[in-house]
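Here's query22.tsv, which has TSV, C-alpha atoms:
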```tsv
chain	number	residue	atom	x	y	z
W	28	MET	CA	0.00	0.00	0.00
W	29	ASN	CA	1.95	2.92	-1.25
W	30	ASP	CA	0.96	6.32	-0.06
W	31	ASP	CA	1.89	8.83	-2.69
W	32	GLU	CA	3.05	11.74	-0.60
W	33	SER	CA	4.33	13.87	-3.43
W	34	HIS	CA	1.01	15.52	-4.20
W	35	VAL	CA	-0.98	15.67	-1.01
W	36	PRO	CA	-3.71	18.25	-1.47
W	37	MET	CA	-3.98	20.99	1.14
W	38	THR	CA	-6.53	20.74	3.89
W	39	GLY	CA	-9.58	22.94	3.56
W	40	GLU	CA	-8.33	25.14	6.37
W	41	GLU	CA	-4.97	25.75	4.75
W	42	LYS	CA	-6.63	26.59	1.45
W	43	ILE	CA	-8.81	29.14	3.19
W	44	ALA	CA	-5.69	30.70	4.71
W	45	TRP	CA	-4.07	31.09	1.29
W	46	VAL	CA	-7.22	32.54	-0.25
W	47	TYR	CA	-7.78	34.92	2.65
W	48	GLY	CA	-4.17	36.09	2.54
W	49	ALA	CA	-4.32	36.77	-1.17
W	50	VAL	CA	-7.64	38.59	-0.82
W	51	VAL	CA	-6.45	40.83	2.02
W	52	LEU	CA	-3.28	41.66	0.13
W	53	LEU	CA	-5.32	42.54	-2.93
W	54	THR	CA	-8.22	44.46	-1.39
W	55	SER	CA	-6.45	46.26	1.46
W	56	GLY	CA	-3.47	46.86	-0.77
W	57	ALA	CA	-5.61	48.43	-3.48
W	58	TYR	CA	-7.46	50.52	-0.93
W	59	PHE	CA	-4.33	51.92	0.70
W	60	VAL	CA	-2.74	52.66	-2.64
W	61	TRP	CA	-5.88	54.53	-3.62
W	62	LEU	CA	-5.84	56.37	-0.26
W	63	ALA	CA	-2.24	57.41	-0.81
W	64	THR	CA	-3.12	58.94	-4.16
W	65	GLN	CA	-5.94	60.83	-2.47
W	66	PHE	CA	-3.50	62.42	-0.03
W	67	ALA	CA	-1.52	63.76	-2.95
W	68	ALA	CA	-4.58	65.35	-4.52
W	69	HIS	CA	-6.70	66.59	-1.60
W	70	PRO	CA	-6.30	68.02	1.87
W	71	ALA	CA	-6.94	65.34	4.48
W	72	ASP	CA	-10.31	66.56	5.68
W	73	GLU	CA	-11.78	66.43	2.19
W	74	ILE	CA	-10.95	62.83	1.39
W	75	ALA	CA	-14.06	60.70	1.05
W	76	TRP	CA	-12.66	57.48	2.45
W	77	GLU	CA	-15.75	56.05	4.14
W	78	VAL	CA	-17.49	54.44	1.19
W	79	PRO	CA	-14.32	53.03	-0.40
W	80	LEU	CA	-13.40	51.42	2.90
W	81	LEU	CA	-16.84	49.85	3.27
W	82	ILE	CA	-16.56	48.54	-0.29
W	83	THR	CA	-13.12	47.13	0.50
W	84	LEU	CA	-14.47	45.35	3.61
W	85	GLY	CA	-17.39	43.91	1.69
W	86	ALA	CA	-15.20	42.88	-1.23
W	87	SER	CA	-12.76	41.06	1.04
W	88	ILE	CA	-15.57	38.99	2.58
W	89	VAL	CA	-17.19	38.16	-0.76
W	90	LEU	CA	-13.88	37.42	-2.49
W	91	THR	CA	-12.76	35.14	0.35
W	92	ILE	CA	-15.94	33.10	0.10
W	93	VAL	CA	-15.85	32.96	-3.68
W	94	GLY	CA	-12.13	32.23	-3.69
W	95	THR	CA	-12.56	29.36	-1.23
W	96	ILE	CA	-15.31	27.79	-3.32
W	97	LEU	CA	-13.27	28.18	-6.51
W	98	GLY	CA	-10.27	26.74	-4.72
W	99	ALA	CA	-12.26	23.70	-3.69
W	100	ILE	CA	-13.61	23.16	-7.19
W	101	GLY	CA	-10.24	23.86	-8.75
W	102	GLY	CA	-8.59	21.41	-6.39
W	103	ALA	CA	-11.04	18.70	-7.34
W	104	VAL	CA	-10.52	19.38	-11.05
W	105	TRP	CA	-6.75	19.35	-10.62
W	106	GLN	CA	-6.89	16.01	-8.88
W	107	GLY	CA	-9.15	14.69	-11.59
W	108	ILE	CA	-6.61	15.67	-14.25
W	109	TRP	CA	-3.97	13.62	-12.54
W	110	GLY	CA	-6.35	10.75	-11.99
W	111	ARG	CA	-5.99	10.99	-8.25
W	112	PHE	CA	-9.31	10.87	-6.52
W	113	GLU	CA	-9.12	11.67	-2.90
W	114	GLU	CA	-11.92	12.62	-0.61
W	115	PRO	CA	-11.82	16.41	-0.26
W	116	ASP	CA	-10.62	17.04	3.25
W	117	PHE	CA	-12.95	19.47	4.92
W	118	THR	CA	-12.67	18.03	8.41
W	119	THR	CA	-11.37	20.44	11.01
W	120	ASP	CA	-9.27	18.40	13.39
W	121	GLU	CA	-7.16	19.18	16.44
W	122	ARG	CA	-4.18	20.23	14.31
W	123	ASP	CA	-6.33	22.77	12.46
W	124	ARG	CA	-7.57	24.10	15.79
W	125	ALA	CA	-4.05	24.36	17.17
W	126	ILE	CA	-2.89	26.23	14.08
W	127	LYS	CA	-5.93	28.48	14.23
W	128	GLU	CA	-5.01	29.39	17.81
W	129	LEU	CA	-1.51	30.18	16.70
W	130	GLY	CA	-2.77	32.45	13.96
W	131	ASN	CA	-5.20	34.13	16.30
W	132	ARG	CA	-2.38	35.21	18.58
W	133	ARG	CA	-0.78	37.20	15.80
W	134	MET	CA	-4.07	38.76	14.80
W	135	PHE	CA	-4.89	39.56	18.40
W	136	ALA	CA	-1.58	41.36	18.94
W	137	ALA	CA	-2.16	43.54	15.89
W	138	MET	CA	-5.77	44.14	16.89
W	139	THR	CA	-4.76	45.26	20.38
W	140	ALA	CA	-2.41	47.81	18.85
W	141	GLY	CA	-5.30	48.90	16.65
W	142	VAL	CA	-7.72	49.26	19.54
W	143	VAL	CA	-5.32	51.10	21.85
W	144	GLY	CA	-4.31	53.49	19.08
W	145	THR	CA	-7.94	54.06	18.19
W	146	LEU	CA	-9.00	54.88	21.73
W	147	VAL	CA	-6.10	57.29	22.12
W	148	LEU	CA	-6.86	59.01	18.81
W	149	ALA	CA	-10.55	59.17	19.68
W	150	MET	CA	-9.82	60.72	23.04
W	151	LEU	CA	-7.75	63.36	21.26
W	152	ASN	CA	-10.74	64.02	19.00
W	153	VAL	CA	-8.72	63.40	15.85
W	154	ASP	CA	-10.58	63.28	12.54
W	155	THR	CA	-12.12	59.86	11.91
W	156	LEU	CA	-10.07	59.58	8.73
W	157	TRP	CA	-7.02	58.78	10.86
W	158	ILE	CA	-8.88	56.69	13.41
W	159	GLY	CA	-10.73	54.50	10.93
W	160	ASN	CA	-7.72	53.96	8.72
W	161	TRP	CA	-5.43	53.23	11.63
W	162	VAL	CA	-7.74	50.44	12.78
W	163	PHE	CA	-8.13	49.07	9.27
W	164	LEU	CA	-4.37	49.15	8.68
W	165	ALA	CA	-3.65	47.38	11.97
W	166	CYS	CA	-6.21	44.68	11.21
W	167	SER	CA	-5.01	44.21	7.64
W	168	ILE	CA	-1.45	43.72	8.83
W	169	GLY	CA	-2.75	41.41	11.55
W	170	ALA	CA	-4.63	39.34	9.01
W	171	LEU	CA	-1.50	38.95	6.88
W	172	ALA	CA	0.59	38.03	9.91
W	173	GLU	CA	-2.03	35.47	10.90
W	174	VAL	CA	-2.11	33.89	7.45
W	175	VAL	CA	1.70	33.72	7.19
W	176	SER	CA	2.05	32.05	10.58
W	177	LYS	CA	-0.70	29.54	9.74
W	178	ILE	CA	0.83	28.59	6.41
W	179	ARG	CA	4.26	28.16	7.97
W	180	ALA	CA	2.73	25.94	10.62
W	181	TYR	CA	0.96	23.82	8.00
W	182	ARG	CA	4.11	23.45	5.92
W	183	ARG	CA	6.88	23.30	8.46
W	184	GLY	CA	5.25	22.24	11.67
W	185	VAL	CA	3.74	23.80	14.75
U	24	MET	CA	9.38	32.78	16.91
U	25	GLY	CA	9.01	30.50	13.89
U	26	GLY	CA	9.57	26.92	13.01
U	27	PRO	CA	8.54	23.77	14.83
U	28	LYS	CA	9.15	23.18	18.53
U	29	PRO	CA	11.79	20.49	18.98
U	30	THR	CA	10.20	17.37	20.38
U	31	ARG	CA	11.77	14.26	21.87
U	32	VAL	CA	8.86	12.12	20.77
U	33	SER	CA	9.32	9.99	17.68
U	34	ASN	CA	6.98	7.40	16.24
U	35	ARG	CA	6.84	4.22	14.20
U	36	ILE	CA	3.43	4.85	12.75
U	37	ARG	CA	4.54	4.38	9.14
U	38	GLU	CA	6.21	1.03	9.92
U	39	LEU	CA	3.33	-0.36	11.93
U	40	ARG	CA	0.84	0.98	9.46
U	41	THR	CA	2.40	-0.73	6.45
U	42	GLU	CA	2.64	-3.99	8.42
U	43	ARG	CA	-1.09	-3.84	8.89
U	44	GLU	CA	-1.68	-2.69	5.30
U	45	LEU	CA	-3.35	0.53	6.37
U	46	THR	CA	-3.00	3.75	4.40
U	47	GLN	CA	-2.70	7.18	5.94
U	48	ALA	CA	-6.18	7.90	4.65
U	49	ASP	CA	-7.53	4.80	6.43
U	50	ILE	CA	-6.12	5.93	9.76
U	51	ALA	CA	-7.26	9.50	9.20
U	52	ALA	CA	-10.79	8.38	8.43
U	53	LYS	CA	-10.97	6.15	11.52
U	54	LEU	CA	-9.80	9.01	13.73
U	55	GLY	CA	-11.87	11.73	12.09
U	56	VAL	CA	-8.83	13.79	11.19
U	57	THR	CA	-7.34	14.96	7.91
U	58	ARG	CA	-4.81	12.84	6.06
U	59	GLN	CA	-2.44	15.81	6.18
U	60	THR	CA	-2.43	15.60	9.97
U	61	ILE	CA	-1.39	11.93	9.89
U	62	ILE	CA	1.39	12.82	7.46
U	63	ALA	CA	2.51	15.68	9.69
U	64	ILE	CA	2.66	13.34	12.68
U	65	GLU	CA	4.64	10.71	10.78
U	66	GLN	CA	7.09	13.34	9.64
U	67	GLY	CA	7.45	14.82	13.10
U	68	ARG	CA	5.86	18.12	12.13
U	69	TYR	CA	2.99	17.81	14.58
U	70	SER	CA	2.66	16.38	18.09
U	71	PRO	CA	-0.72	14.71	18.54
U	72	SER	CA	-2.65	15.19	21.73
U	73	LEU	CA	-2.56	12.41	24.29
U	74	GLU	CA	-6.08	11.37	23.29
U	75	MET	CA	-5.15	11.14	19.67
U	76	ALA	CA	-1.95	9.23	20.45
U	77	PHE	CA	-4.00	6.57	22.24
U	78	GLN	CA	-6.47	6.44	19.38
U	79	ILE	CA	-3.66	5.93	16.87
U	80	ALA	CA	-2.20	3.12	18.95
U	81	ARG	CA	-5.60	1.52	19.16
U	82	VAL	CA	-6.12	1.66	15.39
U	83	LEU	CA	-2.67	0.13	14.89
U	84	GLU	CA	-3.50	-2.53	17.51
U	85	ALA	CA	-0.22	-1.87	19.29
U	86	PRO	CA	0.75	-0.66	22.77
U	87	LEU	CA	1.35	3.07	23.07
U	88	ASP	CA	5.10	2.85	23.59
U	89	ASP	CA	5.43	0.56	20.58
U	90	VAL	CA	4.03	3.36	18.50
U	91	PHE	CA	5.63	6.39	20.19
U	92	GLN	CA	9.13	6.61	21.62
U	93	TYR	CA	10.53	9.21	23.97
U	94	ARG	CA	14.19	9.87	23.49
U	95	GLU	CA	16.05	10.39	26.75
U	96	ALA	CA	18.09	13.57	26.61
U	97	ALA	CA	21.78	12.79	26.12
U	98	ASP	CA	22.57	16.45	26.60
U	99	SER	CA	20.92	18.96	29.01
V	1	MET	CA	-4.82	29.04	42.93
V	2	THR	CA	-2.03	29.27	40.45
V	3	PHE	CA	-0.27	32.55	39.81
V	4	THR	CA	-2.10	32.88	36.51
V	5	GLU	CA	-5.48	32.27	38.11
V	6	ARG	CA	-4.76	34.91	40.73
V	7	TYR	CA	-3.92	37.68	38.34
V	8	THR	CA	-6.78	36.70	36.03
V	9	VAL	CA	-9.27	37.07	38.90
V	10	ALA	CA	-7.69	40.39	39.86
V	11	GLY	CA	-7.94	41.58	36.27
V	12	LEU	CA	-11.60	40.63	36.01
V	13	VAL	CA	-12.54	42.36	39.24
V	14	ILE	CA	-10.58	45.53	38.47
V	15	GLY	CA	-11.98	45.60	34.95
V	16	LEU	CA	-15.56	45.26	36.13
V	17	VAL	CA	-15.22	47.95	38.76
V	18	THR	CA	-13.41	50.38	36.45
V	19	VAL	CA	-15.80	50.02	33.53
V	20	ALA	CA	-18.87	50.17	35.78
V	21	THR	CA	-17.54	53.38	37.33
V	22	TYR	CA	-16.89	54.83	33.89
V	23	VAL	CA	-20.41	54.06	32.70
V	24	VAL	CA	-21.92	55.56	35.85
V	25	VAL	CA	-19.84	58.74	35.53
V	26	VAL	CA	-20.82	59.24	31.91
V	27	VAL	CA	-24.52	58.58	32.51
V	28	VAL	CA	-24.56	60.86	35.57
V	29	ARG	CA	-22.92	63.62	33.55
V	30	ALA	CA	-25.53	63.27	30.83
V	31	VAL	CA	-28.36	63.44	33.33
V	32	THR	CA	-27.08	66.29	35.51
V	33	ASP	CA	-25.94	68.44	32.57
V	34	GLY	CA	-29.05	67.61	30.59
V	35	LEU	CA	-26.99	66.61	27.56
V	36	PRO	CA	-27.59	63.87	25.04
V	37	LEU	CA	-25.04	61.11	25.55
V	38	THR	CA	-23.14	61.97	22.40
V	39	GLU	CA	-22.24	65.37	23.81
V	40	VAL	CA	-20.97	64.26	27.17
V	41	ALA	CA	-17.24	64.64	27.73
V	42	TRP	CA	-16.43	60.94	27.82
V	43	GLN	CA	-12.75	61.29	27.01
V	44	GLY	CA	-11.65	62.29	30.49
V	45	PRO	CA	-13.48	59.49	32.31
V	46	MET	CA	-12.23	56.92	29.78
V	47	LEU	CA	-8.66	58.08	30.09
V	48	TRP	CA	-8.86	58.02	33.88
V	49	SER	CA	-10.44	54.59	33.94
V	50	LEU	CA	-7.67	53.26	31.71
V	51	ILE	CA	-4.96	54.88	33.81
V	52	ILE	CA	-6.40	53.97	37.19
V	53	GLY	CA	-7.57	50.51	36.15
V	54	GLY	CA	-4.34	49.77	34.33
V	55	GLY	CA	-2.24	51.10	37.18
V	56	LEU	CA	-4.09	49.10	39.83
V	57	TYR	CA	-3.79	45.95	37.74
V	58	ALA	CA	-0.08	46.50	37.25
V	59	LEU	CA	0.45	46.97	40.99
V	60	ILE	CA	-1.50	43.86	41.94
V	61	PHE	CA	0.22	41.81	39.24
V	62	LEU	CA	3.57	43.00	40.57
V	63	ALA	CA	2.57	42.07	44.12
V	64	PHE	CA	1.59	38.55	43.04
V	65	TRP	CA	4.70	38.19	40.95
V	66	LEU	CA	6.98	39.23	43.78
V	67	ARG	CA	5.53	36.41	45.85
V	68	VAL	CA	6.28	33.71	43.29
V	69	ARG	CA	9.28	34.94	41.38
V	70	ARG	CA	11.74	32.63	43.05
V	71	GLU	CA	9.95	29.48	41.93
V	72	PRO	CA	8.73	28.31	38.54
V	73	HIS	CA	5.38	30.02	38.36
V	74	THR	CA	4.12	29.17	34.90
V	75	ASP	CA	4.28	25.94	32.94
V	76	SER	CA	3.02	24.44	29.72
V	77	ARG	CA	-0.48	24.00	31.17
V	78	ASP	CA	-0.67	27.74	31.86
V	79	GLN	CA	0.53	28.53	28.37
V	80	GLU	CA	-1.98	26.21	26.77
V	81	ILE	CA	-4.83	27.64	28.80
V	82	GLU	CA	-3.74	31.17	27.98
V	83	ARG	CA	-3.74	30.38	24.26
V	84	TYR	CA	-7.11	28.69	24.42
V	85	ALA	CA	-8.66	31.57	26.36
V	86	GLN	CA	-7.18	34.20	24.11
V	87	THR	CA	-8.94	32.66	21.12
V	88	ALA	CA	-12.21	32.82	23.03
V	89	GLY	CA	-11.81	36.52	23.81
V	90	ALA	CA	-10.39	37.57	20.48
V	91	GLY	CA	-13.62	36.76	18.68
V	92	MET	CA	-15.63	39.17	20.80
V	93	THR	CA	-13.03	41.93	20.53
V	94	GLY	CA	-12.76	41.36	16.79
V	95	LEU	CA	-16.49	41.79	16.42
V	96	ALA	CA	-16.34	45.05	18.38
V	97	VAL	CA	-13.55	46.31	16.13
V	98	LEU	CA	-15.49	45.44	12.98
V	99	VAL	CA	-18.66	47.13	14.25
V	100	ALA	CA	-16.72	50.25	15.30
V	101	LEU	CA	-15.02	50.43	11.92
V	102	ILE	CA	-18.32	50.19	10.06
V	103	MET	CA	-19.79	52.83	12.36
V	104	MET	CA	-16.92	55.17	11.50
V	105	CYS	CA	-17.51	54.61	7.81
V	106	LEU	CA	-21.16	55.51	8.37
V	107	ASP	CA	-20.12	58.73	10.17
V	108	ALA	CA	-21.60	57.70	13.50
V	109	PRO	CA	-20.88	60.07	16.38
V	110	LEU	CA	-17.43	59.49	17.84
V	111	PHE	CA	-18.97	58.89	21.26
V	112	TRP	CA	-20.65	55.71	20.10
V	113	THR	CA	-17.73	54.44	18.06
V	114	ALA	CA	-15.26	54.89	20.89
V	115	ASN	CA	-17.58	53.35	23.45
V	116	VAL	CA	-18.47	50.37	21.30
V	117	LEU	CA	-14.75	49.72	21.01
V	118	PHE	CA	-14.09	50.29	24.70
V	119	ILE	CA	-16.98	48.21	26.03
V	120	GLY	CA	-16.56	45.59	23.32
V	121	SER	CA	-12.89	45.06	24.14
V	122	PHE	CA	-13.81	44.86	27.80
V	123	LEU	CA	-16.39	42.17	27.06
V	124	GLY	CA	-13.71	40.33	25.11
V	125	SER	CA	-11.42	40.44	28.12
V	126	LEU	CA	-14.29	39.15	30.27
V	127	ALA	CA	-14.78	36.27	27.86
V	128	SER	CA	-11.13	35.30	27.86
V	129	GLY	CA	-10.79	35.74	31.63
V	130	GLY	CA	-13.88	33.64	32.25
V	131	THR	CA	-12.64	30.97	29.86
V	132	THR	CA	-9.27	30.95	31.64
V	133	LEU	CA	-10.79	30.39	35.06
V	134	SER	CA	-13.17	27.73	33.80
V	135	ALA	CA	-10.29	25.94	32.07
V	136	TYR	CA	-8.44	25.80	35.38
V	137	ARG	CA	-11.45	24.58	37.33
V	138	GLU	CA	-13.02	22.23	34.83
V	139	GLY	CA	-10.35	21.63	32.21
V	140	MET	CA	-10.22	22.35	28.52
V	141	PRO	CA	-11.87	20.29	25.81
V	142	ALA	CA	-9.48	17.49	24.83
```

Show the structure stored in the file as structure tokens.
Amino acid sequence: MNDDESHVPMTGEEKIAWVYGAVVLLTSGAYFVWLATQFAAHPADEIAWEVPLLITLGASIVLTIVGTILGAIGGAVWQGIWGRFEEPDFTTDERDRAIKELGNRRMFAAMTAGVVGTLVLAMLNVDTLWIGNWVFLACSIGALAEVVSKIRAYRRGV
Amino acid sequence: MGGPKPTRVSNRIRELRTERELTQADIAAKLGVTRQTIIAIEQGRYSPSLEMAFQIARVLEAPLDDVFQYREAADS
Amino acid sequence: MTFTERYTVAGLVIGLVTVATYVVVVVVRAVTDGLPLTEVAWQGPMLWSLIIGGGLYALIFLAFWLRVRREPHTDSRDQEIERYAQTAGAGMTGLAVLVALIMMCLDAPLFWTANVLFIGSFLGSLASGGTTLSAYREGMPA
């Protein structure tokens, strides 16, 4: 009984991590690039950032869901091409939970920085442009850090 | 902080498994875990919980310390 | 009680008292000055509650730590419980952050945004503290 270990498909959880990472990079990246161009063109208090940020949030959720579904289908197709039919692994087992906890720690650290900074800025009555974008930036970086640590754990070990 | 924690636990899952003609997928299915987790354990990239270690030994019909070995520290 | 349990209990108690005091101060100000909540000066009370609450917590933590520093006072069980509990609390705090962010995008009054964040994070810390203590008393899921 030979287990072919050269092409083990990723677990569902790892796939989600990859998709989520790519989506955050894309959506938050695009948003912040756009925001930077706005700073060049307008004074800070005239930048209409609220709607673009909402769109970015919504897009990241939708794209993650769509991306995960496509990834699952694509994975099945890919396996079919190579004639390898394995049950798609969507179980979440103790290893997935352990890795999720690991990822959460990174996200939590970034989020704490976001929250503390936000409360301080709010107490100083700073324009919400800075407050909202600080929180979004902290969480975007946190999400990326979380995804990177999860993928490393899946590949290299916890 | 990155990379796996060094562990002194090694295992003979692959050996015992092939003796009993079980695939990784078989074991994974019986335990309700992903095949990737079984691979990670065999390759030393993941330390199973105590519960899971017992379950693996049970599936392999072997005593726990036949399946898992704890290396005594030669150094510190 | 372990060292970790002790400072977790202290944190929960201090947190509860500080936040309750803050809420009372803000509400009293609104009532006595006849202002709608959004116009109350919440910044001062929040800052004070953070400083006083944080300071008290730091002092008590230090006191506990001084008692145990000569022996091993945390082990792998404590670390595992801490990780497990943090996941429990992070969800609540994350939700608060998301809601606050959306509120800012919708131009909600700063009073509400800041307080959603403040109270939401506090609830998250309650969740993780409660999970910690229950994990020590009853154990974690396998």

Tell me which of U:Arg94, U:Arg43, U:Lys53, U:Arg37 sits closest to Glu65 (chain U), counting all atoms listed in the file.
U:Arg37

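Minimum atom-to-atom distance to chain V, evaluated using all atoms listed in the file, belongs to U:Leu73 out of U:Ala51, U:Val82, U:Leu45, U:Leu73.
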
Polymer residues at most 10 Å from Val68 (chain V), only C-alpha atoms, same-chain spacing of 6 or more positions, as a ChimeraX atom specification
/V:2-3,74

At a cut-off of 10 Å, which residues of chain V touch chain W? Count all atoms listed in the file and give the answer as a PyMOL selection string.
chain V and resi 41-44+46-47+80+83-91+93-94+96-98+100-111+113-115+117-118+121+142

Write a file of the selected residues as an mmCIF file, in the coordinates of the input, keeping C-alpha atoms.
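Resulting contents of out39.cif:
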```
data_model
loop_
_atom_site.group_PDB
_atom_site.id
_atom_site.type_symbol
_atom_site.label_atom_id
_atom_site.label_comp_id
_atom_site.auth_asym_id
_atom_site.auth_seq_id
_atom_site.Cartn_x
_atom_site.Cartn_y
_atom_site.Cartn_z
ATOM 1 C CA ALA V 41 -17.240 64.640 27.730
ATOM 2 C CA TRP V 42 -16.430 60.940 27.820
ATOM 3 C CA GLN V 43 -12.750 61.290 27.010
ATOM 4 C CA GLY V 44 -11.650 62.290 30.490
ATOM 5 C CA MET V 46 -12.230 56.920 29.780
ATOM 6 C CA LEU V 47 -8.660 58.080 30.090
ATOM 7 C CA GLU V 80 -1.980 26.210 26.770
ATOM 8 C CA ARG V 83 -3.740 30.380 24.260
ATOM 9 C CA TYR V 84 -7.110 28.690 24.420
ATOM 10 C CA ALA V 85 -8.660 31.570 26.360
ATOM 11 C CA GLN V 86 -7.180 34.200 24.110
ATOM 12 C CA THR V 87 -8.940 32.660 21.120
ATOM 13 C CA ALA V 88 -12.210 32.820 23.030
ATOM 14 C CA GLY V 89 -11.810 36.520 23.810
ATOM 15 C CA ALA V 90 -10.390 37.570 20.480
ATOM 16 C CA GLY V 91 -13.620 36.760 18.680
ATOM 17 C CA THR V 93 -13.030 41.930 20.530
ATOM 18 C CA GLY V 94 -12.760 41.360 16.790
ATOM 19 C CA ALA V 96 -16.340 45.050 18.380
ATOM 20 C CA VAL V 97 -13.550 46.310 16.130
ATOM 21 C CA LEU V 98 -15.490 45.440 12.980
ATOM 22 C CA ALA V 100 -16.720 50.250 15.300
ATOM 23 C CA LEU V 101 -15.020 50.430 11.920
ATOM 24 C CA ILE V 102 -18.320 50.190 10.060
ATOM 25 C CA MET V 103 -19.790 52.830 12.360
ATOM 26 C CA MET V 104 -16.920 55.170 11.500
ATOM 27 C CA CYS V 105 -17.510 54.610 7.810
ATOM 28 C CA LEU V 106 -21.160 55.510 8.370
ATOM 29 C CA ASP V 107 -20.120 58.730 10.170
ATOM 30 C CA ALA V 108 -21.600 57.700 13.500
ATOM 31 C CA PRO V 109 -20.880 60.070 16.380
ATOM 32 C CA LEU V 110 -17.430 59.490 17.840
ATOM 33 C CA PHE V 111 -18.970 58.890 21.260
ATOM 34 C CA THR V 113 -17.730 54.440 18.060
ATOM 35 C CA ALA V 114 -15.260 54.890 20.890
ATOM 36 C CA ASN V 115 -17.580 53.350 23.450
ATOM 37 C CA LEU V 117 -14.750 49.720 21.010
ATOM 38 C CA PHE V 118 -14.090 50.290 24.700
ATOM 39 C CA SER V 121 -12.890 45.060 24.140
ATOM 40 C CA ALA V 142 -9.480 17.490 24.830
#
```

Report as JSON lines the residues of chain U within 10 Å of chain V, each with its shortest atom pair and distance in Å (one decimal), using all atoms listed in the file, ordered by chain and increasing residue number.
```
{"residue": "U:Ser72", "atom": "CA", "partner": "V:Ala142", "partner_atom": "CA", "distance": 7.8}
{"residue": "U:Leu73", "atom": "CA", "partner": "V:Ala142", "partner_atom": "CA", "distance": 8.6}
{"residue": "U:Glu74", "atom": "CA", "partner": "V:Ala142", "partner_atom": "CA", "distance": 7.2}
{"residue": "U:Met75", "atom": "CA", "partner": "V:Ala142", "partner_atom": "CA", "distance": 9.3}
```

At a cut-off of 9 Å, which residues of chain U touch chain W? Count all atoms listed in the file and give the answer as number ranges by chain.
U: 25-28, 41, 44-48, 55-60, 62-63, 67-72, 75

My list of candidates is V:Pro45, V:Thr4, V:Met92, V:Ser128. Which is closest to Ser76 (chain V) when distances are computed with all atoms listed in the file?
V:Thr4

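The space separating CA of Ile43 (chain W) from CA of Gln79 (chain V) comes to 26.9 Å.
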
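CA of Met140 (chain V) is found 27.6 Å from CA of Leu62 (chain V).
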
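One finds CA of Leu52 (chain W) at 7.5 Å from CA of Leu171 (chain W).
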
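Closest approach to Gly144 (chain W) from the set W:Ala57, W:Ala165, W:Ile126, W:Ala68 is made by W:Ala165, with distances taken over only C-alpha atoms.
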
Put the listed atoms of region 34-41 of chain U in a box along x, y and z with 4 Å added on every side and give me the centre and edge lengths in Å to one decimal, as AutoDock Vina command-line options.
```
--center_x 3.9 --center_y 3.3 --center_z 11.3 --size_x 14.1 --size_y 16.1 --size_z 17.8
```

Minimum-distance residue to Ser134 (chain V), chosen among V:Glu39, V:Asp75, V:Glu82, V:Asp33 (using all atoms listed in the file):
V:Glu82

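Distances to Val89 (chain W) were evaluated for W:Val46, W:Val175, W:Glu40, W:Asp72 using all atoms listed in the file, and the minimum falls at W:Val46.
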
Distance query Tyr7 (chain V) at most 9 Å, all atoms listed in the file, self and fewer than 4 positions along chain excluded, as an MDAnalysis selection string
chainID V and resid 2:3 11:12 57 60:61 64
